[in-house]
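Here is the structure we will look at, set down as structure tokens.
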Amino acid sequence: MAIEDAHNRPLLDLRISVTDRCNMRCRYCMPREHFDADYPFLPKEDILRFEEIVRIVESLIPYGLRKVRLTGGEPLLRRDLHSLIAQLRACSNELDIAMTTNGLLLKKHVAKLYQAGLSRVTVSLDALDESIFKSMGDTSANPQMVLEGIDAALEVGLSVKVNTVIKKDVNEGQIVPMVRAFGPRGVPVRFIEYMDVGTTNDWNLEHVVSAESMRDLLDDEFGSLQRNQPLHKSDVAKVYTTKEGWKIGFIESITNPFCGDCSRARLSANGSIYTCLFSNRGHDVRSILRMDGTEEDISNAIQSIWNDRTDRYSEQRSNQTEQLKVEMSYIGG
Ligand code: SAM
Ligand code: SF4
Ligand code: SF4
């Protein structure tokens with residue numbers, strides 16, 4: 001029996017932030033001025049232990065949870081992440097276990113993650129050009145490190161996708177080179193419209209490049225792109241194929257919101273459930289776990305949070321972007 005919200009959307013997908021820390025400072029996500037040495041990152045004791053995360057997932061599987069995505073912050077900063085994956089895999093063979101990472105530590109860890117049961121990985125890479133990469137990520141790392149992580153993931157046999165956030169006048173020129181680099185390798189690139197998450201990235205509609213204009217650019221370069229049928233109603237990316245058979249996705253959160261089929265809940269690193277990426281309030285579940293709640297207590301609590309859900313932020317986006325919103329690095333992208 002599925003858990004449904006007030007608009008009959010089932011809870012199918014749980015994004016789990018395993019840490020609020022990151023080894024990059026992407027300007028659109030964790031600008032350094034704000035996430036500096038004084039930033040109050042979560043203390044260790046507040047962060048969910050792996051066993052606690054597993055209990056939450058276990059409690060939701062009987063209600064139709066089919067996918068989890070490990071994210072953050074940077075998930076590979078969490079020590080022994082492979083052990084969480086192994087524990088999640090032990091809950092169910094069918095569970096789709098994905099991870100989103102900036103890829104800097106992927107080469108080092110990917111073999112263990114794969115052996116533990118990771119199903120697939122999404123690697124964020126905003127530019128192949130070194131100076132654009134360094135400036136968007138406000139980092140001394142270079143894209144080569146990410147590319148080596150992607151190579152290592154493909155070598156062990158993981159399916160890989162690449163996420164690229166496009167910001168106007170910053171990395172639009174990377175759209176075609178990214179498709180040329182990854183298309184022939186069977187790695188879909190998903191272009192994400194720059195979103196107004198959190199309150200620190202100084203978002204402005206003028207910084208957004210619409211997916212439609214990205215497609216126009218790609219049509220000119222590769223010939224007319226063909227639209228694929230979505231596999232699931234709740235898929236966030238619209239997928240197209242070039243005549244060479246290369247797949248390109250677009251996540252149109254700004255120009256074409258997909259709240260109607262949104263089946264994703266988010267679990268923050270300190271154990272609160274958020275029913276929308278743009279929520280300003282989480283629902284504490286950690287205290288139920290730490291007060292020896294049973295599996296039924298946990299699923300009942302999440303069920304009642306989800307039953308009350310009415311979120312449609314992106315569809316209703318207007319002048320409400322001023323409201324206090326939670327940072328993406330905290331609840332997980
Ligand atoms: N650190 C990991 C990474 O970068 O892949 C996982 C967490 S990150 C918050 C997850 C995804 O959110 C990344 O693909 C990132 O590019 C995307 N993201 C972060 N801030 C964004 C924004 N303002 N607009 C669009 N996408 C954003
Ligand atoms: Fe870190 Fe990912 Fe946010 Fe960049 S997008 S700052 S890599 S959490
Ligand atoms: Fe889902 Fe909220 Fe995004 Fe709409 S705005 S798609 S409800 S996370």
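In the structure tokens, each chain is lettered A, B, ... as it comes, each chain's residues begin at 1, and ligands are numbered from 1 in order of appearance.
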Please return, as a compact mmCIF listing (two decimals) with N, CA, C and O atoms, in the first residue's frame, all residues of range 58-232 of chain A that DSSP assigns to alpha helix (DSSP H) on the basis of the backbone.
# COMPACT_ATOMS: atom_id res chain seq x y z
N GLU A 58 14.13 1.07 5.80
CA GLU A 58 13.43 -0.22 6.02
C GLU A 58 11.95 -0.02 6.33
O GLU A 58 11.11 -0.79 5.87
N SER A 59 11.66 1.04 7.07
CA SER A 59 10.27 1.26 7.47
C SER A 59 9.41 1.71 6.28
O SER A 59 8.19 1.59 6.32
N LEU A 60 10.07 2.23 5.22
CA LEU A 60 9.29 2.74 4.08
C LEU A 60 9.18 1.76 2.92
O LEU A 60 8.29 1.89 2.07
N LEU A 81 31.21 5.22 3.48
CA LEU A 81 29.88 5.27 2.88
C LEU A 81 29.47 3.91 2.29
O LEU A 81 28.30 3.56 2.26
N HIS A 82 30.48 3.13 1.85
CA HIS A 82 30.16 1.82 1.28
C HIS A 82 29.43 0.95 2.29
O HIS A 82 28.61 0.11 1.93
N SER A 83 29.72 1.18 3.57
CA SER A 83 29.07 0.33 4.57
C SER A 83 27.57 0.67 4.68
O SER A 83 26.73 -0.21 4.88
N LEU A 84 27.21 1.95 4.51
CA LEU A 84 25.79 2.31 4.46
C LEU A 84 25.13 1.64 3.25
O LEU A 84 24.03 1.08 3.34
N ILE A 85 25.83 1.69 2.12
CA ILE A 85 25.25 1.09 0.90
C ILE A 85 25.03 -0.42 1.11
O ILE A 85 23.97 -0.95 0.75
N ALA A 86 25.99 -1.08 1.73
CA ALA A 86 25.84 -2.52 1.97
C ALA A 86 24.63 -2.79 2.87
O ALA A 86 23.85 -3.72 2.63
N GLN A 87 24.45 -1.95 3.89
CA GLN A 87 23.30 -2.15 4.80
C GLN A 87 21.98 -1.87 4.08
O GLN A 87 20.98 -2.55 4.32
N LEU A 88 21.98 -0.88 3.20
CA LEU A 88 20.74 -0.60 2.45
C LEU A 88 20.45 -1.74 1.47
O LEU A 88 19.31 -2.15 1.29
N ARG A 89 21.52 -2.24 0.85
CA ARG A 89 21.34 -3.33 -0.11
C ARG A 89 20.79 -4.57 0.60
O ARG A 89 19.97 -5.31 0.04
N ALA A 90 21.22 -4.75 1.85
CA ALA A 90 20.74 -5.92 2.60
C ALA A 90 19.23 -5.81 2.89
O ALA A 90 18.56 -6.82 3.10
N CYS A 91 18.69 -4.60 2.86
CA CYS A 91 17.23 -4.41 3.10
C CYS A 91 16.43 -4.95 1.92
O CYS A 91 15.32 -5.42 2.08
N LEU A 106 35.68 10.21 -6.17
CA LEU A 106 35.04 9.02 -6.71
C LEU A 106 36.04 7.93 -7.11
O LEU A 106 35.84 6.75 -6.82
N LYS A 107 37.12 8.35 -7.75
CA LYS A 107 38.10 7.37 -8.22
C LYS A 107 38.58 6.49 -7.05
O LYS A 107 38.68 5.27 -7.17
N LYS A 108 38.81 7.15 -5.92
CA LYS A 108 39.34 6.44 -4.75
C LYS A 108 38.34 5.42 -4.18
O LYS A 108 38.72 4.36 -3.71
N HIS A 109 37.05 5.75 -4.24
CA HIS A 109 36.08 4.94 -3.49
C HIS A 109 35.17 4.05 -4.35
O HIS A 109 34.44 3.22 -3.80
N VAL A 110 35.20 4.26 -5.68
CA VAL A 110 34.10 3.69 -6.46
C VAL A 110 34.04 2.15 -6.43
O VAL A 110 32.94 1.57 -6.42
N ALA A 111 35.18 1.50 -6.39
CA ALA A 111 35.14 0.03 -6.44
C ALA A 111 34.39 -0.52 -5.22
O ALA A 111 33.51 -1.39 -5.34
N LYS A 112 34.70 0.04 -4.03
CA LYS A 112 34.02 -0.43 -2.81
C LYS A 112 32.53 -0.11 -2.84
O LYS A 112 31.70 -0.88 -2.38
N LEU A 113 32.19 1.06 -3.38
CA LEU A 113 30.77 1.46 -3.44
C LEU A 113 30.00 0.49 -4.33
O LEU A 113 28.89 0.08 -4.02
N TYR A 114 30.63 0.16 -5.44
CA TYR A 114 29.98 -0.75 -6.39
C TYR A 114 29.81 -2.14 -5.78
O TYR A 114 28.73 -2.74 -5.84
N GLN A 115 30.90 -2.62 -5.17
CA GLN A 115 30.81 -3.96 -4.56
C GLN A 115 29.76 -4.01 -3.46
O GLN A 115 29.13 -5.03 -3.23
N ALA A 116 29.56 -2.88 -2.78
CA ALA A 116 28.59 -2.85 -1.68
C ALA A 116 27.15 -2.86 -2.20
O ALA A 116 26.22 -3.12 -1.43
N GLU A 130 38.95 24.29 -17.56
CA GLU A 130 39.47 24.33 -16.20
C GLU A 130 39.15 25.63 -15.48
O GLU A 130 38.75 25.64 -14.31
N SER A 131 39.27 26.76 -16.18
CA SER A 131 39.07 28.00 -15.43
C SER A 131 37.59 28.22 -15.11
O SER A 131 37.26 28.71 -14.03
N ILE A 132 36.69 27.80 -15.99
CA ILE A 132 35.25 27.93 -15.67
C ILE A 132 34.90 26.98 -14.51
O ILE A 132 34.19 27.35 -13.58
N PHE A 133 35.44 25.76 -14.56
CA PHE A 133 35.19 24.78 -13.49
C PHE A 133 35.64 25.36 -12.15
O PHE A 133 34.90 25.34 -11.16
N LYS A 134 36.85 25.91 -12.13
CA LYS A 134 37.41 26.42 -10.87
C LYS A 134 36.60 27.61 -10.38
O LYS A 134 36.39 27.77 -9.19
N SER A 135 36.15 28.42 -11.31
CA SER A 135 35.44 29.61 -10.84
C SER A 135 34.01 29.25 -10.39
O SER A 135 33.55 29.73 -9.35
N MET A 136 33.32 28.36 -11.10
CA MET A 136 31.96 27.99 -10.65
C MET A 136 31.99 27.23 -9.33
O MET A 136 31.11 27.38 -8.49
N GLY A 137 33.01 26.38 -9.18
CA GLY A 137 33.09 25.55 -7.96
C GLY A 137 33.88 26.23 -6.85
O GLY A 137 33.99 25.66 -5.76
N PRO A 143 38.85 19.79 -13.41
CA PRO A 143 37.88 18.85 -13.99
C PRO A 143 38.47 17.48 -14.27
O PRO A 143 37.75 16.48 -14.30
N GLN A 144 39.81 17.43 -14.46
CA GLN A 144 40.45 16.15 -14.74
C GLN A 144 40.19 15.14 -13.61
O GLN A 144 39.98 13.95 -13.85
N MET A 145 40.16 15.65 -12.38
CA MET A 145 39.92 14.76 -11.23
C MET A 145 38.52 14.14 -11.33
O MET A 145 38.30 12.97 -11.00
N VAL A 146 37.58 14.95 -11.77
CA VAL A 146 36.20 14.45 -11.90
C VAL A 146 36.13 13.45 -13.05
O VAL A 146 35.49 12.38 -12.95
N LEU A 147 36.82 13.78 -14.15
CA LEU A 147 36.80 12.88 -15.31
C LEU A 147 37.41 11.52 -14.95
O LEU A 147 36.92 10.48 -15.39
N GLU A 148 38.44 11.56 -14.12
CA GLU A 148 39.04 10.27 -13.70
C GLU A 148 38.06 9.47 -12.84
O GLU A 148 38.00 8.25 -12.92
N GLY A 149 37.28 10.17 -12.04
CA GLY A 149 36.25 9.50 -11.24
C GLY A 149 35.20 8.85 -12.14
O GLY A 149 34.78 7.70 -11.91
N ILE A 150 34.80 9.57 -13.18
CA ILE A 150 33.80 9.04 -14.12
C ILE A 150 34.38 7.81 -14.83
O ILE A 150 33.71 6.77 -14.95
N ASP A 151 35.63 7.91 -15.28
CA ASP A 151 36.27 6.76 -15.95
C ASP A 151 36.28 5.55 -15.03
O ASP A 151 35.96 4.43 -15.44
N ALA A 152 36.63 5.79 -13.76
CA ALA A 152 36.73 4.67 -12.81
C ALA A 152 35.35 4.05 -12.59
O ALA A 152 35.22 2.82 -12.49
N ALA A 153 34.32 4.88 -12.53
CA ALA A 153 32.96 4.35 -12.32
C ALA A 153 32.53 3.51 -13.52
O ALA A 153 31.96 2.42 -13.36
N LEU A 154 32.83 3.99 -14.73
CA LEU A 154 32.47 3.22 -15.93
C LEU A 154 33.24 1.91 -15.97
O LEU A 154 32.70 0.86 -16.33
N GLU A 155 34.50 1.98 -15.56
CA GLU A 155 35.33 0.77 -15.57
C GLU A 155 34.80 -0.33 -14.66
O GLU A 155 34.81 -1.49 -15.02
N VAL A 156 34.29 0.07 -13.47
CA VAL A 156 33.79 -0.99 -12.60
C VAL A 156 32.42 -1.50 -13.06
O VAL A 156 31.93 -2.50 -12.57
N ILE A 175 27.95 23.82 -23.08
CA ILE A 175 26.86 22.87 -23.37
C ILE A 175 27.26 21.91 -24.49
O ILE A 175 27.18 20.68 -24.33
N VAL A 176 27.72 22.46 -25.61
CA VAL A 176 28.06 21.59 -26.75
C VAL A 176 29.29 20.72 -26.43
O VAL A 176 29.26 19.49 -26.63
N PRO A 177 30.37 21.29 -25.88
CA PRO A 177 31.53 20.43 -25.54
C PRO A 177 31.18 19.29 -24.58
O PRO A 177 31.71 18.19 -24.71
N MET A 178 30.28 19.54 -23.64
CA MET A 178 29.90 18.47 -22.69
C MET A 178 29.23 17.32 -23.45
O MET A 178 29.52 16.15 -23.21
N VAL A 179 28.31 17.67 -24.36
CA VAL A 179 27.61 16.61 -25.11
C VAL A 179 28.62 15.85 -25.99
O VAL A 179 28.57 14.62 -26.06
N ARG A 180 29.53 16.58 -26.59
CA ARG A 180 30.54 15.92 -27.45
C ARG A 180 31.47 15.00 -26.64
O ARG A 180 31.92 13.98 -27.11
N ALA A 181 31.73 15.40 -25.39
CA ALA A 181 32.65 14.60 -24.58
C ALA A 181 31.98 13.32 -24.07
O ALA A 181 32.60 12.27 -24.01
N PHE A 182 30.71 13.43 -23.67
CA PHE A 182 30.08 12.29 -22.99
C PHE A 182 29.16 11.46 -23.89
O PHE A 182 28.99 10.27 -23.65
N ALA A 211 15.76 25.59 -20.63
CA ALA A 211 16.07 24.34 -21.34
C ALA A 211 15.71 24.48 -22.82
O ALA A 211 16.40 23.94 -23.68
N GLU A 212 14.66 25.23 -23.09
CA GLU A 212 14.26 25.39 -24.49
C GLU A 212 15.37 26.06 -25.30
O GLU A 212 15.70 25.63 -26.41
N SER A 213 15.99 27.10 -24.71
CA SER A 213 17.06 27.74 -25.49
C SER A 213 18.29 26.85 -25.57
O SER A 213 19.03 26.88 -26.55
N MET A 214 18.50 26.00 -24.53
CA MET A 214 19.62 25.04 -24.64
C MET A 214 19.35 24.07 -25.80
O MET A 214 20.23 23.72 -26.58
N ARG A 215 18.08 23.63 -25.90
CA ARG A 215 17.74 22.67 -26.98
C ARG A 215 17.90 23.32 -28.35
O ARG A 215 18.36 22.67 -29.29
N ASP A 216 17.54 24.62 -28.45
CA ASP A 216 17.71 25.31 -29.74
C ASP A 216 19.18 25.29 -30.15
O ASP A 216 19.52 25.00 -31.30
N LEU A 217 20.03 25.56 -29.16
CA LEU A 217 21.47 25.58 -29.43
C LEU A 217 21.93 24.19 -29.90
O LEU A 217 22.69 24.05 -30.86
N LEU A 218 21.43 23.14 -29.22
CA LEU A 218 21.85 21.78 -29.54
C LEU A 218 21.26 21.31 -30.87
O LEU A 218 21.92 20.60 -31.63
N ASP A 219 20.03 21.76 -31.18
CA ASP A 219 19.43 21.45 -32.48
C ASP A 219 20.31 21.99 -33.59
O ASP A 219 20.55 21.33 -34.61
N ASP A 220 20.78 23.22 -33.40
CA ASP A 220 21.63 23.85 -34.43
C ASP A 220 22.92 23.06 -34.62
O ASP A 220 23.43 22.93 -35.72
N GLU A 221 23.43 22.51 -33.55
CA GLU A 221 24.73 21.82 -33.58
C GLU A 221 24.59 20.38 -34.07
O GLU A 221 25.41 19.90 -34.85
N PHE A 222 23.55 19.68 -33.57
CA PHE A 222 23.47 18.22 -33.80
C PHE A 222 22.31 17.81 -34.68
O PHE A 222 22.09 16.63 -34.89
Quick one: contact table of chain A to ligand 2, 6 Å max, nearest atom pair and distance in Å to one decimal per residue, counting only C-alpha atoms and all ligand atoms, chain and number order, as a Markdown table?
| residue | atom | partner | partner_atom_place_in_ligand_line | distance |
| --- | --- | --- | --- | --- |
| A:Cys22 | CA | ligand 2 | 1 (Fe) | 4.7 |
| A:Met24 | CA | ligand 2 | 1 (Fe) | 4.8 |
| A:Arg25 | CA | ligand 2 | 6 (S) | 4.3 |
| A:Cys26 | CA | ligand 2 | 6 (S) | 4.1 |
| A:Cys29 | CA | ligand 2 | 3 (Fe) | 4.6 |
| A:Met30 | CA | ligand 2 | 6 (S) | 4.7 |
| A:Gly72 | CA | ligand 2 | 8 (S) | 5.7 |
| A:Gly73 | CA | ligand 2 | 8 (S) | 3.8 |
| A:Glu74 | CA | ligand 2 | 8 (S) | 5.2 |
| A:Asn102 | CA | ligand 2 | 7 (S) | 4.9 |
| A:Ser329 | CA | ligand 2 | 8 (S) | 4.9 |
Could the residues in this selection be written to a file with N, CA and C atoms, as a PDB file, in the first residue's frame?
ATOM      1  N   CYS A  22      30.982  19.995   2.507  1.00  0.00           N
ATOM      2  CA  CYS A  22      31.398  19.765   1.123  1.00  0.00           C
ATOM      3  C   CYS A  22      32.827  20.225   0.918  1.00  0.00           C
ATOM      4  N   MET A  24      33.742  21.383  -2.017  1.00  0.00           N
ATOM      5  CA  MET A  24      33.709  22.454  -3.014  1.00  0.00           C
ATOM      6  C   MET A  24      32.863  23.591  -2.455  1.00  0.00           C
ATOM      7  N   ARG A  25      32.870  24.698  -3.126  1.00  0.00           N
ATOM      8  CA  ARG A  25      32.064  25.846  -2.698  1.00  0.00           C
ATOM      9  C   ARG A  25      31.386  26.448  -3.936  1.00  0.00           C
ATOM     10  N   CYS A  26      30.625  25.572  -4.657  1.00  0.00           N
ATOM     11  CA  CYS A  26      29.961  26.054  -5.872  1.00  0.00           C
ATOM     12  C   CYS A  26      29.206  27.342  -5.548  1.00  0.00           C
ATOM     13  N   CYS A  29      25.536  27.184  -4.827  1.00  0.00           N
ATOM     14  CA  CYS A  29      25.048  26.260  -3.800  1.00  0.00           C
ATOM     15  C   CYS A  29      25.596  26.603  -2.416  1.00  0.00           C
ATOM     16  N   MET A  30      26.918  26.722  -2.294  1.00  0.00           N
ATOM     17  CA  MET A  30      27.530  27.011  -0.983  1.00  0.00           C
ATOM     18  C   MET A  30      28.535  28.152  -1.118  1.00  0.00           C
ATOM     19  N   GLY A  72      24.165  15.175  -0.490  1.00  0.00           N
ATOM     20  CA  GLY A  72      24.636  16.018   0.608  1.00  0.00           C
ATOM     21  C   GLY A  72      24.477  17.472   0.234  1.00  0.00           C
ATOM     22  N   GLY A  73      25.380  18.309   0.616  1.00  0.00           N
ATOM     23  CA  GLY A  73      26.800  18.165   0.871  1.00  0.00           C
ATOM     24  C   GLY A  73      27.455  17.155  -0.081  1.00  0.00           C
ATOM     25  N   GLU A  74      28.666  16.811   0.231  1.00  0.00           N
ATOM     26  CA  GLU A  74      29.354  15.845  -0.621  1.00  0.00           C
ATOM     27  C   GLU A  74      29.331  14.484   0.069  1.00  0.00           C
ATOM     28  N   ASN A 102      30.128  15.183  -6.410  1.00  0.00           N
ATOM     29  CA  ASN A 102      30.916  16.082  -7.270  1.00  0.00           C
ATOM     30  C   ASN A 102      32.098  15.341  -7.899  1.00  0.00           C
ATOM     31  N   SER A 329      22.543  22.154   0.306  1.00  0.00           N
ATOM     32  CA  SER A 329      23.624  21.322   0.834  1.00  0.00           C
ATOM     33  C   SER A 329      23.209  20.659   2.151  1.00  0.00           C
TER      34      SER A 329
END
Using DSSP on the backbone, list every residue of range 45-115 of chain A that comes out as strand (DSSP E), and give them as a PyMOL selection string.
chain A and resi 67-71+96-101
Kindly save the residues from that selection, with N, CA, C and O atoms included, as an mmCIF file, in the first residue's frame.
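result.cif, written as the output of this step:
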data_model
loop_
_atom_site.group_PDB
_atom_site.id
_atom_site.type_symbol
_atom_site.label_atom_id
_atom_site.label_comp_id
_atom_site.auth_asym_id
_atom_site.auth_seq_id
_atom_site.Cartn_x
_atom_site.Cartn_y
_atom_site.Cartn_z
ATOM 1 N N LYS A 67 13.298 3.849 -4.411
ATOM 2 C CA LYS A 67 14.595 4.425 -4.761
ATOM 3 C C LYS A 67 15.139 5.294 -3.639
ATOM 4 O O LYS A 67 14.377 6.037 -3.014
ATOM 5 N N VAL A 68 16.441 5.205 -3.366
ATOM 6 C CA VAL A 68 17.084 6.156 -2.474
ATOM 7 C C VAL A 68 18.260 6.774 -3.233
ATOM 8 O O VAL A 68 18.855 6.142 -4.109
ATOM 9 N N ARG A 69 18.540 8.012 -2.915
ATOM 10 C CA ARG A 69 19.686 8.688 -3.518
ATOM 11 C C ARG A 69 20.529 9.283 -2.403
ATOM 12 O O ARG A 69 20.035 10.074 -1.605
ATOM 13 N N LEU A 70 21.785 8.880 -2.326
ATOM 14 C CA LEU A 70 22.687 9.425 -1.305
ATOM 15 C C LEU A 70 23.295 10.710 -1.843
ATOM 16 O O LEU A 70 23.805 10.748 -2.961
ATOM 17 N N THR A 71 23.196 11.756 -1.040
ATOM 18 C CA THR A 71 23.632 13.051 -1.520
ATOM 19 C C THR A 71 24.111 13.865 -0.339
ATOM 20 O O THR A 71 24.446 13.344 0.723
ATOM 21 N N ASP A 96 16.542 0.676 -5.705
ATOM 22 C CA ASP A 96 17.461 1.403 -6.571
ATOM 23 C C ASP A 96 18.284 2.331 -5.666
ATOM 24 O O ASP A 96 17.728 3.212 -5.024
ATOM 25 N N ILE A 97 19.593 2.093 -5.594
ATOM 26 C CA ILE A 97 20.446 2.909 -4.709
ATOM 27 C C ILE A 97 21.364 3.766 -5.584
ATOM 28 O O ILE A 97 22.284 3.256 -6.227
ATOM 29 N N ALA A 98 21.068 5.064 -5.614
ATOM 30 C CA ALA A 98 21.844 5.981 -6.450
ATOM 31 C C ALA A 98 22.626 6.937 -5.562
ATOM 32 O O ALA A 98 22.382 7.026 -4.353
ATOM 33 N N MET A 99 23.576 7.617 -6.163
ATOM 34 C CA MET A 99 24.350 8.615 -5.405
ATOM 35 C C MET A 99 24.630 9.798 -6.332
ATOM 36 O O MET A 99 24.878 9.613 -7.526
ATOM 37 N N THR A 100 24.565 11.007 -5.786
ATOM 38 C CA THR A 100 24.993 12.191 -6.538
ATOM 39 C C THR A 100 26.253 12.734 -5.865
ATOM 40 O O THR A 100 26.257 12.955 -4.652
ATOM 41 N N THR A 101 27.297 12.942 -6.646
ATOM 42 C CA THR A 101 28.590 13.352 -6.078
ATOM 43 C C THR A 101 29.262 14.366 -6.998
ATOM 44 O O THR A 101 29.022 14.366 -8.207
#
At a cut-off of 7 Å and counting only C-alpha atoms and all ligand atoms, what residues surround ligand 3? Please answer as an NGL selection string.
:A and (257-259 or 262 or 264 or 275-278 or 311-315)
So, counting only C-alpha atoms and all ligand atoms, which residue among A:Glu244, A:Glu172, A:Glu206, A:Glu193 is closest to ligand 1?
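The closest residue to ligand 1 is A:Glu193.
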Neighbour list for Phe41 in chain A as a list in words, cut-off 10 Å, only C-alpha atoms, skip fewer than 3 positions in-chain
Thr19, Asp20, Arg21, Phe35, Asp36, Ala37, Asp38, Lys44 and Tyr330 of chain A
